[in-house]
$ cat work_22.cif   # mmCIF, C-alpha atoms and all ligand atoms
data_data
loop_
_atom_site.label_atom_id
_atom_site.label_comp_id
_atom_site.auth_asym_id
_atom_site.auth_seq_id
_atom_site.Cartn_x
_atom_site.Cartn_y
_atom_site.Cartn_z
CA MET A 23 -23.49 34.84 -108.59
CA ARG A 24 -24.54 31.44 -107.24
CA THR A 25 -22.24 29.56 -104.88
CA ALA A 26 -20.87 26.09 -105.64
CA ALA A 27 -23.44 24.57 -103.25
CA GLU A 28 -26.31 26.44 -104.91
CA ARG A 29 -25.17 25.33 -108.37
CA LEU A 30 -24.88 21.69 -107.26
CA SER A 31 -28.18 21.77 -105.46
CA ALA A 32 -29.90 23.01 -108.61
CA ALA A 33 -28.04 20.52 -110.84
CA THR A 34 -28.89 17.51 -108.66
CA ASP A 35 -32.47 18.64 -108.14
CA GLY A 36 -32.24 18.17 -104.39
CA ALA A 37 -31.33 14.47 -104.59
CA GLY A 38 -28.96 12.94 -102.01
CA THR A 39 -26.88 14.69 -99.40
CA LEU A 40 -24.85 17.88 -99.96
CA TRP A 41 -21.95 19.14 -97.82
CA VAL A 42 -19.76 22.19 -98.04
CA SER A 43 -16.12 22.62 -96.92
CA PRO A 44 -14.19 25.87 -97.29
CA GLY A 45 -10.70 26.76 -98.44
CA ARG A 46 -8.60 28.68 -95.92
CA VAL A 47 -6.11 31.43 -95.47
CA ASN A 48 -3.65 31.28 -92.63
CA LEU A 49 -3.44 34.50 -90.67
CA ILE A 50 -0.10 33.42 -89.22
CA GLY A 51 1.87 30.26 -88.36
CA GLU A 52 3.47 28.91 -91.54
CA HIS A 53 5.31 25.59 -91.73
CA THR A 54 4.72 25.16 -88.03
CA ASP A 55 2.03 22.46 -88.25
CA TYR A 56 4.37 19.56 -89.10
CA ASN A 57 6.65 20.74 -86.31
CA ASP A 58 3.84 20.11 -83.78
CA GLY A 59 3.48 23.88 -83.43
CA PHE A 60 0.74 26.52 -83.60
CA VAL A 61 -1.32 27.89 -86.48
CA LEU A 62 -4.08 30.50 -86.80
CA PRO A 63 -6.05 30.01 -90.03
CA PHE A 64 -9.55 31.10 -90.88
CA ALA A 65 -12.01 29.66 -93.38
CA LEU A 66 -12.68 31.43 -96.64
CA PRO A 67 -16.13 32.25 -97.92
CA HIS A 68 -14.97 30.27 -100.99
CA ALA A 69 -15.88 26.61 -100.58
CA THR A 70 -16.13 23.23 -102.27
CA ALA A 71 -19.52 21.51 -102.39
CA VAL A 72 -19.97 17.76 -102.82
CA SER A 73 -23.27 15.98 -103.25
CA GLY A 74 -23.76 12.23 -103.10
CA VAL A 75 -26.31 9.49 -103.60
CA ARG A 76 -25.80 5.83 -102.68
CA LEU A 77 -25.25 3.22 -105.36
CA GLU A 78 -25.97 -0.48 -105.06
CA ARG A 79 -22.56 -1.46 -106.44
CA ARG A 80 -19.47 -0.61 -104.39
CA HIS A 81 -17.93 1.78 -106.86
CA TRP A 82 -17.70 5.57 -107.05
CA VAL A 83 -18.78 7.67 -110.01
CA VAL A 84 -17.41 11.16 -109.54
CA THR A 85 -18.18 14.21 -111.67
CA SER A 86 -16.26 17.48 -111.47
CA GLU A 87 -17.96 20.67 -112.60
CA GLN A 88 -14.53 22.26 -113.02
CA THR A 89 -13.01 19.72 -115.42
CA GLY A 90 -16.27 18.44 -116.90
CA GLU A 91 -14.95 14.90 -116.38
CA THR A 92 -16.54 11.86 -114.78
CA VAL A 93 -14.15 9.35 -113.19
CA THR A 94 -15.31 5.90 -112.07
CA PHE A 95 -13.27 3.69 -109.74
CA ASP A 96 -13.67 0.75 -107.40
CA LEU A 97 -11.60 -0.73 -104.59
CA SER A 98 -9.30 -2.63 -106.93
CA GLU A 99 -7.55 0.42 -108.37
CA LYS A 100 -5.16 3.16 -107.34
CA VAL A 101 -6.59 6.43 -108.66
CA GLY A 102 -4.53 9.39 -109.93
CA GLY A 103 -5.30 13.00 -110.89
CA TRP A 104 -7.93 15.07 -109.07
CA ALA A 105 -10.04 11.99 -108.32
CA ALA A 106 -7.17 10.68 -106.15
CA TYR A 107 -8.39 13.01 -103.39
CA VAL A 108 -11.79 11.31 -103.51
CA ALA A 109 -10.36 7.79 -103.62
CA ALA A 110 -8.02 8.72 -100.76
CA VAL A 111 -10.98 9.56 -98.54
CA VAL A 112 -12.76 6.31 -99.44
CA TRP A 113 -9.55 4.49 -98.50
CA VAL A 114 -8.98 6.28 -95.20
CA LEU A 115 -12.59 5.93 -94.05
CA ARG A 116 -12.40 2.20 -94.69
CA GLU A 117 -9.10 2.11 -92.75
CA ALA A 118 -11.02 3.77 -89.90
CA GLY A 119 -13.62 1.00 -90.00
CA VAL A 120 -16.36 2.84 -91.89
CA ASP A 121 -18.32 0.64 -94.30
CA VAL A 122 -18.29 3.17 -97.17
CA PRO A 123 -21.09 2.51 -99.65
CA GLY A 124 -20.71 2.98 -103.39
CA ALA A 125 -21.85 6.45 -104.44
CA ARG A 126 -22.39 8.88 -107.26
CA LEU A 127 -20.64 12.10 -106.25
CA SER A 128 -20.74 15.55 -107.83
CA ILE A 129 -18.20 18.26 -107.07
CA ALA A 130 -18.33 22.01 -107.59
CA SER A 131 -15.89 24.50 -106.12
CA ASP A 132 -15.36 28.22 -105.68
CA VAL A 133 -11.89 27.76 -104.15
CA PRO A 134 -9.28 28.86 -106.68
CA SER A 135 -7.01 25.86 -107.31
CA GLY A 136 -3.23 26.17 -107.33
CA ALA A 137 -3.41 29.43 -105.35
CA GLY A 138 -2.34 27.99 -101.99
CA LEU A 139 -5.87 28.36 -100.59
CA SER A 140 -6.20 24.69 -99.75
CA SER A 141 -8.59 23.54 -102.45
CA SER A 142 -7.47 19.92 -101.99
CA ALA A 143 -8.25 19.89 -98.26
CA ALA A 144 -11.65 21.44 -98.98
CA LEU A 145 -12.35 18.62 -101.42
CA GLU A 146 -11.18 15.92 -98.99
CA CYS A 147 -13.23 17.29 -96.12
CA ALA A 148 -16.44 17.68 -98.13
CA VAL A 149 -16.07 14.19 -99.62
CA MET A 150 -15.49 12.79 -96.12
CA ALA A 151 -18.65 14.48 -94.83
CA VAL A 152 -20.76 13.11 -97.71
CA LEU A 153 -19.40 9.56 -97.52
CA ALA A 154 -19.74 9.43 -93.73
CA ASP A 155 -23.30 10.64 -94.07
CA LEU A 156 -24.14 8.05 -96.75
CA ALA A 157 -22.59 5.37 -94.52
CA GLY A 158 -24.88 6.44 -91.69
CA VAL A 159 -21.91 7.61 -89.62
CA ASP A 160 -22.83 10.77 -87.74
CA GLY A 161 -20.88 13.29 -85.69
CA ALA A 162 -21.22 11.10 -82.60
CA ARG A 163 -19.47 8.13 -84.23
CA LEU A 164 -16.95 10.14 -86.21
CA PRO A 165 -16.66 13.50 -84.43
CA MET A 166 -15.67 16.54 -86.47
CA ARG A 167 -12.58 16.97 -84.27
CA ASP A 168 -11.28 13.54 -85.40
CA ARG A 169 -11.80 14.11 -89.11
CA PRO A 170 -8.81 16.39 -89.88
CA ARG A 171 -6.35 13.63 -88.86
CA LEU A 172 -8.08 11.19 -91.19
CA ALA A 173 -8.13 13.66 -94.10
CA GLN A 174 -4.46 14.45 -93.50
CA ARG A 175 -3.65 10.73 -93.53
CA ALA A 176 -5.55 10.37 -96.82
CA GLU A 177 -3.38 13.12 -98.32
CA ASN A 178 -0.11 11.85 -96.81
CA GLU A 179 -0.49 8.13 -97.44
CA TYR A 180 -2.76 7.84 -100.48
CA VAL A 181 -2.03 11.00 -102.48
CA GLY A 182 1.57 11.06 -101.25
CA ALA A 183 1.87 14.72 -100.20
CA PRO A 184 3.70 15.09 -96.83
CA THR A 185 1.52 17.97 -95.57
CA GLY A 186 0.70 18.88 -91.99
CA ILE A 187 -2.77 19.07 -90.48
CA MET A 188 -3.55 22.77 -90.73
CA ASP A 189 -5.57 22.82 -93.94
CA GLN A 190 -7.86 19.91 -93.08
CA ALA A 191 -8.35 21.27 -89.55
CA ALA A 192 -9.24 24.72 -90.88
CA SER A 193 -11.65 23.35 -93.47
CA THR A 194 -13.40 21.19 -90.87
CA LEU A 195 -13.31 23.15 -87.62
CA CYS A 196 -13.33 26.89 -88.39
CA GLN A 197 -16.26 29.02 -87.27
CA GLU A 198 -17.68 32.10 -88.92
CA GLY A 199 -16.23 35.35 -87.56
CA HIS A 200 -13.31 33.56 -85.88
CA ALA A 201 -9.76 32.47 -86.52
CA LEU A 202 -8.90 28.94 -85.39
CA PHE A 203 -6.02 28.75 -82.90
CA LEU A 204 -4.82 25.16 -83.23
CA ASP A 205 -2.15 23.37 -81.27
CA CYS A 206 -1.00 20.87 -83.89
CA ARG A 207 0.39 18.52 -81.23
CA SER A 208 -2.58 18.14 -78.90
CA LEU A 209 -5.13 19.29 -81.51
CA ALA A 210 -6.60 21.56 -78.82
CA THR A 211 -8.49 24.44 -80.43
CA GLU A 212 -9.68 27.89 -79.50
CA GLN A 213 -12.05 29.93 -81.64
CA VAL A 214 -10.54 33.43 -81.49
CA PRO A 215 -12.98 36.24 -82.37
CA PHE A 216 -11.80 38.04 -85.51
CA ASP A 217 -14.38 40.69 -86.27
CA LEU A 218 -12.75 42.76 -88.97
CA ALA A 219 -15.78 44.96 -89.73
CA ALA A 220 -16.17 45.99 -86.07
CA ALA A 221 -12.54 47.13 -86.10
CA GLY A 222 -12.92 49.00 -89.42
CA LEU A 223 -10.50 46.59 -91.10
CA LYS A 224 -10.36 44.36 -94.14
CA ILE A 225 -8.19 41.45 -95.21
CA LEU A 226 -7.21 41.87 -98.83
CA VAL A 227 -6.03 38.68 -100.55
CA VAL A 228 -3.61 39.04 -103.44
CA ASP A 229 -3.28 35.90 -105.56
CA SER A 230 0.20 36.38 -107.01
CA ARG A 231 -0.52 33.92 -109.86
CA ALA A 232 3.16 33.00 -109.73
CA PRO A 233 3.73 29.55 -111.22
CA HIS A 234 4.31 26.98 -108.45
CA ALA A 235 7.67 25.51 -109.47
CA HIS A 236 9.36 22.71 -107.45
CA VAL A 237 6.87 23.23 -104.63
CA ASP A 238 6.47 19.55 -103.68
CA GLY A 239 10.21 18.86 -103.50
CA GLU A 240 10.95 22.08 -101.62
CA TYR A 241 8.14 21.45 -99.11
CA ALA A 242 9.43 17.95 -98.42
CA ALA A 243 13.00 19.30 -98.08
CA ARG A 244 11.90 21.89 -95.48
CA ARG A 245 10.10 19.21 -93.54
CA ARG A 246 13.15 16.93 -93.60
CA ALA A 247 15.45 19.76 -92.44
CA CYS A 248 13.19 20.38 -89.45
CA GLU A 249 13.08 16.71 -88.51
CA GLU A 250 16.86 16.43 -88.77
CA ALA A 251 17.32 19.52 -86.62
CA ALA A 252 14.92 18.19 -83.99
CA ALA A 253 16.91 14.93 -83.89
CA VAL A 254 20.22 16.79 -83.43
CA LEU A 255 18.68 18.92 -80.69
CA GLY A 256 17.25 15.87 -78.96
CA VAL A 257 13.61 16.99 -79.05
CA ALA A 258 10.53 15.27 -80.46
CA ALA A 259 9.75 18.28 -82.68
CA LEU A 260 10.88 21.89 -83.07
CA ARG A 261 7.79 22.88 -81.08
CA ASP A 262 9.77 21.82 -78.03
CA ILE A 263 12.22 24.71 -78.49
CA ASP A 264 10.67 27.90 -77.19
CA ALA A 265 11.83 31.39 -78.09
CA ASP A 266 13.97 31.74 -74.92
CA ALA A 267 15.86 28.55 -75.72
CA LEU A 268 16.52 29.54 -79.34
CA PRO A 269 20.06 30.98 -78.93
CA ASP A 270 21.26 27.81 -77.17
CA ALA A 271 19.63 25.61 -79.82
CA LEU A 272 21.18 27.59 -82.67
CA ALA A 273 24.62 27.30 -81.06
CA LYS A 274 24.31 23.50 -81.24
CA LEU A 275 23.71 23.48 -85.01
CA ASP A 276 26.66 23.85 -87.35
CA ASP A 277 24.84 24.25 -90.68
CA ASP A 278 23.75 27.82 -91.39
CA THR A 279 20.78 26.81 -93.57
CA ILE A 280 19.46 24.47 -90.87
CA ARG A 281 19.96 27.19 -88.27
CA ARG A 282 17.81 29.57 -90.30
CA ARG A 283 15.09 26.94 -90.79
CA VAL A 284 14.96 26.37 -87.04
CA ARG A 285 14.90 30.11 -86.33
CA HIS A 286 11.89 30.52 -88.62
CA VAL A 287 9.89 27.76 -86.96
CA VAL A 288 10.68 28.81 -83.39
CA THR A 289 10.04 32.52 -83.96
CA GLU A 290 6.92 31.77 -86.02
CA ASN A 291 5.41 29.74 -83.18
CA GLN A 292 6.00 32.70 -80.87
CA ARG A 293 4.41 35.07 -83.40
CA VAL A 294 1.27 32.90 -83.45
CA LEU A 295 1.07 33.09 -79.65
CA ASP A 296 1.61 36.87 -79.78
CA THR A 297 -1.05 37.26 -82.47
CA VAL A 298 -3.58 35.26 -80.46
CA ALA A 299 -2.80 37.51 -77.47
CA VAL A 300 -3.48 40.73 -79.41
CA LEU A 301 -6.67 39.33 -80.95
CA ARG A 302 -7.93 38.21 -77.54
CA ALA A 303 -7.27 41.77 -76.34
CA GLY A 304 -9.30 43.11 -79.28
CA ASP A 305 -6.31 44.96 -80.77
CA LEU A 306 -6.57 43.60 -84.31
CA ARG A 307 -4.26 46.23 -85.82
CA ALA A 308 -1.42 44.95 -83.64
CA ALA A 309 -1.47 41.73 -85.68
CA GLY A 310 -0.08 43.70 -88.64
CA PRO A 311 3.59 43.96 -87.60
CA LEU A 312 3.57 40.28 -86.56
CA MET A 313 2.33 39.35 -90.06
CA THR A 314 5.06 41.42 -91.66
CA ALA A 315 7.72 39.85 -89.42
CA SER A 316 6.38 36.43 -90.39
CA HIS A 317 6.83 37.29 -94.05
CA ALA A 318 10.41 38.44 -93.51
CA SER A 319 11.14 35.17 -91.72
CA MET A 320 9.66 33.12 -94.58
CA ARG A 321 11.65 35.16 -97.10
CA ASP A 322 15.03 35.26 -95.35
CA ASP A 323 15.15 32.21 -93.08
CA TYR A 324 12.78 29.65 -94.59
CA GLU A 325 13.38 30.80 -98.18
CA ILE A 326 9.92 29.94 -99.47
CA THR A 327 8.84 33.22 -101.07
CA VAL A 328 9.17 34.31 -104.70
CA PRO A 329 9.58 37.82 -106.20
CA GLN A 330 5.84 38.19 -106.89
CA VAL A 331 4.79 37.63 -103.27
CA ASP A 332 7.63 39.81 -101.94
CA THR A 333 6.52 42.56 -104.31
CA ALA A 334 2.90 42.23 -103.15
CA VAL A 335 3.94 42.53 -99.49
CA GLU A 336 6.21 45.52 -100.10
CA ALA A 337 3.61 47.35 -102.19
CA ALA A 338 0.83 46.67 -99.68
CA LEU A 339 2.96 48.06 -96.84
CA ALA A 340 4.05 51.05 -98.93
CA HIS A 341 0.37 51.91 -99.52
CA GLY A 342 -0.60 51.78 -95.87
CA ALA A 343 -1.34 48.14 -94.93
CA HIS A 344 -0.86 47.43 -91.20
CA GLY A 345 0.86 44.20 -92.13
CA ALA A 346 1.17 41.73 -94.97
CA ARG A 347 2.46 38.22 -95.49
CA MET A 348 2.42 35.27 -97.82
CA THR A 349 -0.01 32.56 -96.69
CA GLY A 350 0.27 28.81 -97.31
CA GLY A 351 3.09 26.52 -98.33
CA GLY A 352 4.95 29.07 -100.44
CA PHE A 353 6.74 29.35 -103.78
CA GLY A 354 3.84 31.43 -105.07
CA GLY A 355 0.26 31.52 -103.91
CA CYS A 356 -1.41 34.34 -102.03
CA VAL A 357 -0.54 37.30 -99.83
CA LEU A 358 -2.80 38.65 -97.07
CA ALA A 359 -2.78 42.34 -96.25
CA LEU A 360 -4.46 43.75 -93.14
CA VAL A 361 -5.79 47.15 -94.13
CA ASP A 362 -8.07 49.91 -92.86
CA GLU A 363 -11.36 49.74 -94.74
CA GLU A 364 -10.81 53.10 -96.38
CA ARG A 365 -7.26 52.19 -97.54
CA CYS A 366 -8.27 48.91 -99.17
CA ASP A 367 -8.69 50.23 -102.73
CA ALA A 368 -5.44 52.21 -102.54
CA VAL A 369 -3.53 49.14 -101.33
CA ARG A 370 -5.08 46.97 -104.06
CA ASP A 371 -4.23 49.53 -106.76
CA GLY A 372 -0.71 49.96 -105.39
CA VAL A 373 -0.09 46.21 -105.59
CA ARG A 374 -1.45 46.05 -109.13
CA GLU A 375 0.80 48.94 -110.19
CA ALA A 376 3.85 47.31 -108.62
CA PHE A 377 3.12 44.07 -110.52
CA ALA A 378 2.74 45.96 -113.79
CA ALA A 379 6.00 47.85 -113.18
CA ALA A 380 7.82 44.56 -112.52
CA GLY A 381 6.34 42.92 -115.63
CA PHE A 382 4.49 40.23 -113.61
CA THR A 383 1.17 38.65 -114.64
CA PRO A 384 -1.54 40.86 -113.08
CA PRO A 385 -2.62 39.49 -109.68
CA ASP A 386 -6.18 38.59 -108.67
CA THR A 387 -7.35 40.49 -105.61
CA PHE A 388 -10.35 39.96 -103.34
CA VAL A 389 -11.51 40.77 -99.82
CA VAL A 390 -12.31 37.92 -97.41
CA THR A 391 -14.08 37.50 -94.08
CA PRO A 392 -13.86 34.42 -91.83
CA GLY A 393 -16.51 31.89 -92.88
CA PRO A 394 -17.75 28.60 -91.42
CA GLY A 395 -16.03 25.20 -91.53
CA THR A 396 -17.68 22.06 -92.96
CA TYR A 397 -21.47 22.09 -92.86
CA ARG A 398 -24.45 20.36 -94.43
CA PHE A 399 -26.11 22.52 -97.05
CA SER A 400 -29.84 22.81 -96.53
CA ARG A 401 -31.78 23.31 -99.68
C1 LIG B 501 0.59 23.62 -96.92
C2 LIG B 501 0.39 22.36 -96.09
F1 LIG B 501 -0.62 21.60 -96.62
C3 LIG B 501 0.06 22.69 -94.63
O1 LIG B 501 0.02 21.51 -93.88
C4 LIG B 501 1.10 23.66 -94.05
O2 LIG B 501 2.31 23.00 -93.77
C5 LIG B 501 1.32 24.84 -94.99
O3 LIG B 501 1.60 24.42 -96.32
C6 LIG B 501 2.45 25.72 -94.53
O4 LIG B 501 2.13 26.33 -93.32
O5 LIG B 501 -0.62 24.33 -97.01
#

$ encode --input "work_22.cif" --output "structure tokens"
Amino acid sequence: MRTAAERLSAATDGAGTLWVSPGRVNLIGEHTDYNDGFVLPFALPHATAVSGVRLERRHWVVTSEQTGETVTFDLSEKVGGWAAYVAAVVWVLREAGVDVPGARLSIASDVPSGAGLSSSAALECAVMAVLADLAGVDGARLPMRDRPRLAQRAENEYVGAPTGIMDQAASTLCQEGHALFLDCRSLATEQVPFDLAAAGLKILVVDSRAPHAHVDGEYAARRRACEEAAAVLGVAALRDIDADALPDALAKLDDDTIRRRVRHVVTENQRVLDTVAVLRAGDLRAAGPLMTASHASMRDDYEITVPQVDTAVEAALAHGAHGARMTGGGFGGCVLALVDEERCDAVRDGVREAFAAAGFTPPDTFVVTPGPGTYRFSR
């Protein structure tokens, strides 16, 4: 099957510029990014491709392969729907002083949407790469390391979603064969080798296909709870509480729900550091129990899981996974299971059987390896 970039390249007959940005899964470090903490995502092989040609008039004519629609907008309007992510990038680049030319853009994507695999960040990052290129702005003037902040701002301020920086950073900065260790405060990065095949391992993704109900409101509520807790504790962000200081911090909070939110964030940051340590040591299997502990923390303390993802994790573990956890913002979405190559089919079948027994919509399952971040597609 042809990739999104190959389909677009054929459809546009090689005209214009074509960039590719991937979706992501997060190996560990959930809801830590907006607490200035640590995350460890890797890029999916599934990506969004955007091609663009300049137009004389300063307007944008955007076609989506997925919806079959073409949306046209100029600077005078506030855009809604899927094209808002495109308009948001035009807006933020102009805020950053880039003279964005009018363009005809075409979009194709292999990132499942609504599955918590960061399809919106992939779109933002690919659109940013194309528009910067058409504006004659190269990596020297707008370095890749500065782009995630801009894409996050586009999503926060134009689209209105109060997300952290993980997804845009992963889509832009990941490298093939590596997980991206990102300090969301300093934006320092380390490419951590994550060679699953060499270790005889696979990452199985289970898309729970659970409907995402109330996700925006719940995400914003978690973020607010963390900010309130940081204020009570007198720190800039929960990142400033390390695992040793957790008991003292919890003793200062009188609301049990807030205490559990704080415990998730603080222990999750430590689990990211521990996971990076085992990966650096080449002991990939040791990441499994940390993933499972992360899931328990999201389920019990952060309360962002749903029965489908809990079932997927339990079934994966029962059929021999080294570890399993929900990935992404929560309330549905995908589970990652770290499995020995030869157990992968048994784990997949076990999860499917557990879903059938519970009467859930059958999940989608696929195996992923860490792919590259944003790149120009050469035809
Ligand atoms: C969503 C957000 F977009 C990210 O910034 C991050 O907070 C994640 O949920 C949870 O870790 O993907």

$ residues_near_ligand --input "work_22.cif" --ligand "ligand LIG 501 (chain B)" --cutoff "9 Å" --atoms "only C-alpha atoms and all ligand atoms" --output "JSON, numbers by chain"
{"A": [48, 50, 51, 52, 53, 54, 55, 56, 57, 61, 138, 139, 140, 142, 143, 174, 183, 184, 185, 186, 187, 188, 189, 190, 241, 245, 349, 350, 351, 352]}

$ closest_residue --input "work_22.cif" --among "A:Tyr397, A:Pro269, A:Lys100, A:Thr297" --to "Gly161 (chain A)" --atoms "all atoms listed in the file"
A:Tyr397

$ closest_residue --input "work_22.cif" --among "A:Val159, A:Ala210, A:Val152, A:Ala26" --to "Val120 (chain A)" --atoms "only C-alpha atoms"
A:Val159

$ residues_around --input "work_22.cif" --residues "Ala309 (chain A)" --least-positions-apart "3" --cutoff "7 Å" --atoms "only C-alpha atoms" --output "ChimeraX atom specification"
/A:297,300,306,312-313

$ axis_aligned_box --input "work_22.cif" --around "region 223-239 of chain A" --padding-each-side "6 Å" --output "lines of an AutoDock Vina configuration file"
center_x = -0.1
center_y = 32.7
center_z = -101.2
size_x = 32.7
size_y = 39.7
size_z = 32.1

$ closest_atom_pairs --input "work_22.cif" --of "region 29-95 of chain A" --to "region 107-117 of chain A" --cutoff "10 Å" --atoms "all atoms listed in the file" --output "CSV"
residue,atom,partner,partner_atom,distance
A:Trp82,CA,A:Ala109,CA,8.4
A:Val84,CA,A:Val108,CA,8.2
A:Thr94,CA,A:Ala109,CA,10.0
A:Phe95,CA,A:Ala109,CA,7.9

$ write_last_selection --input "work_22.cif" --atoms "C-alpha atoms" --output "PDB file, in the frame of the given file"
ATOM      1  CA  TRP A  82     -17.700   5.570-107.050  1.00  0.00           C
ATOM      2  CA  VAL A  84     -17.410  11.160-109.540  1.00  0.00           C
ATOM      3  CA  THR A  94     -15.310   5.900-112.070  1.00  0.00           C
ATOM      4  CA  PHE A  95     -13.270   3.690-109.740  1.00  0.00           C
TER       5      PHE A  95
END

$ residues_around --input "work_22.cif" --residues "Ser128 (chain A)" --least-positions-apart "6" --cutoff "9 Å" --atoms "only C-alpha atoms" --output "ChimeraX atom specification"
/A:30,34,71-74,83-87,92

$ residues_around --input "work_22.cif" --residues "Ser400 (chain A)" --least-positions-apart "2" --cutoff "12 Å" --atoms "all atoms listed in the file" --output "number ranges by chain"
A: 27-28, 30-31, 36-42, 71, 73, 397-398

$ decode --input "work_22.cif" --residues "region 46-62 of chain A" --atoms "N, CA and C atoms" --output "CSV table (one decimal), in the first residue's frame"
chain,number,residue,atom,x,y,z
A,46,ARG,N,2.5,10.1,16.8
A,46,ARG,CA,3.4,9.6,17.8
A,46,ARG,C,2.7,8.6,18.8
A,47,VAL,N,3.5,7.8,19.4
A,47,VAL,CA,3.0,7.1,20.6
A,47,VAL,C,3.9,7.6,21.7
A,48,ASN,N,3.5,7.6,22.9
A,48,ASN,CA,4.3,8.0,24.0
A,48,ASN,C,4.7,6.8,24.8
A,49,LEU,N,5.9,6.4,24.9
A,49,LEU,CA,6.4,5.2,25.6
A,49,LEU,C,6.0,5.4,27.1
A,50,ILE,N,6.3,6.6,27.6
A,50,ILE,CA,5.9,6.8,29.0
A,50,ILE,C,6.1,8.3,29.3
A,51,GLY,N,5.3,8.8,30.3
A,51,GLY,CA,5.4,10.2,30.7
A,51,GLY,C,4.1,10.9,30.2
A,52,GLU,N,3.0,10.6,30.9
A,52,GLU,CA,1.7,11.1,30.4
A,52,GLU,C,1.2,12.2,31.4
A,53,HIS,N,0.7,13.3,30.7
A,53,HIS,CA,0.2,14.5,31.5
A,53,HIS,C,1.3,15.1,32.3
A,54,THR,N,2.6,14.9,31.9
A,54,THR,CA,3.7,15.5,32.5
A,54,THR,C,4.2,16.8,31.7
A,55,ASP,N,3.8,16.8,30.4
A,55,ASP,CA,4.4,17.9,29.6
A,55,ASP,C,4.0,19.3,30.1
A,56,TYR,N,2.7,19.5,30.4
A,56,TYR,CA,2.2,20.8,30.9
A,56,TYR,C,2.5,21.1,32.3
A,57,ASN,N,3.2,20.1,32.9
A,57,ASN,CA,3.8,20.3,34.3
A,57,ASN,C,5.3,20.6,34.2
A,58,ASP,N,5.8,20.9,33.1
A,58,ASP,CA,7.2,21.2,32.8
A,58,ASP,C,8.1,19.9,33.1
A,59,GLY,N,7.4,18.8,32.9
A,59,GLY,CA,8.1,17.5,33.3
A,59,GLY,C,8.8,16.8,32.1
A,60,PHE,N,8.9,15.5,32.2
A,60,PHE,CA,9.6,14.7,31.2
A,60,PHE,C,8.6,13.8,30.4
A,61,VAL,N,9.0,13.6,29.1
A,61,VAL,CA,8.2,12.7,28.3
A,61,VAL,C,9.2,11.8,27.5
A,62,LEU,N,8.7,10.7,26.9
A,62,LEU,CA,9.5,9.8,26.1
A,62,LEU,C,8.7,9.2,25.0
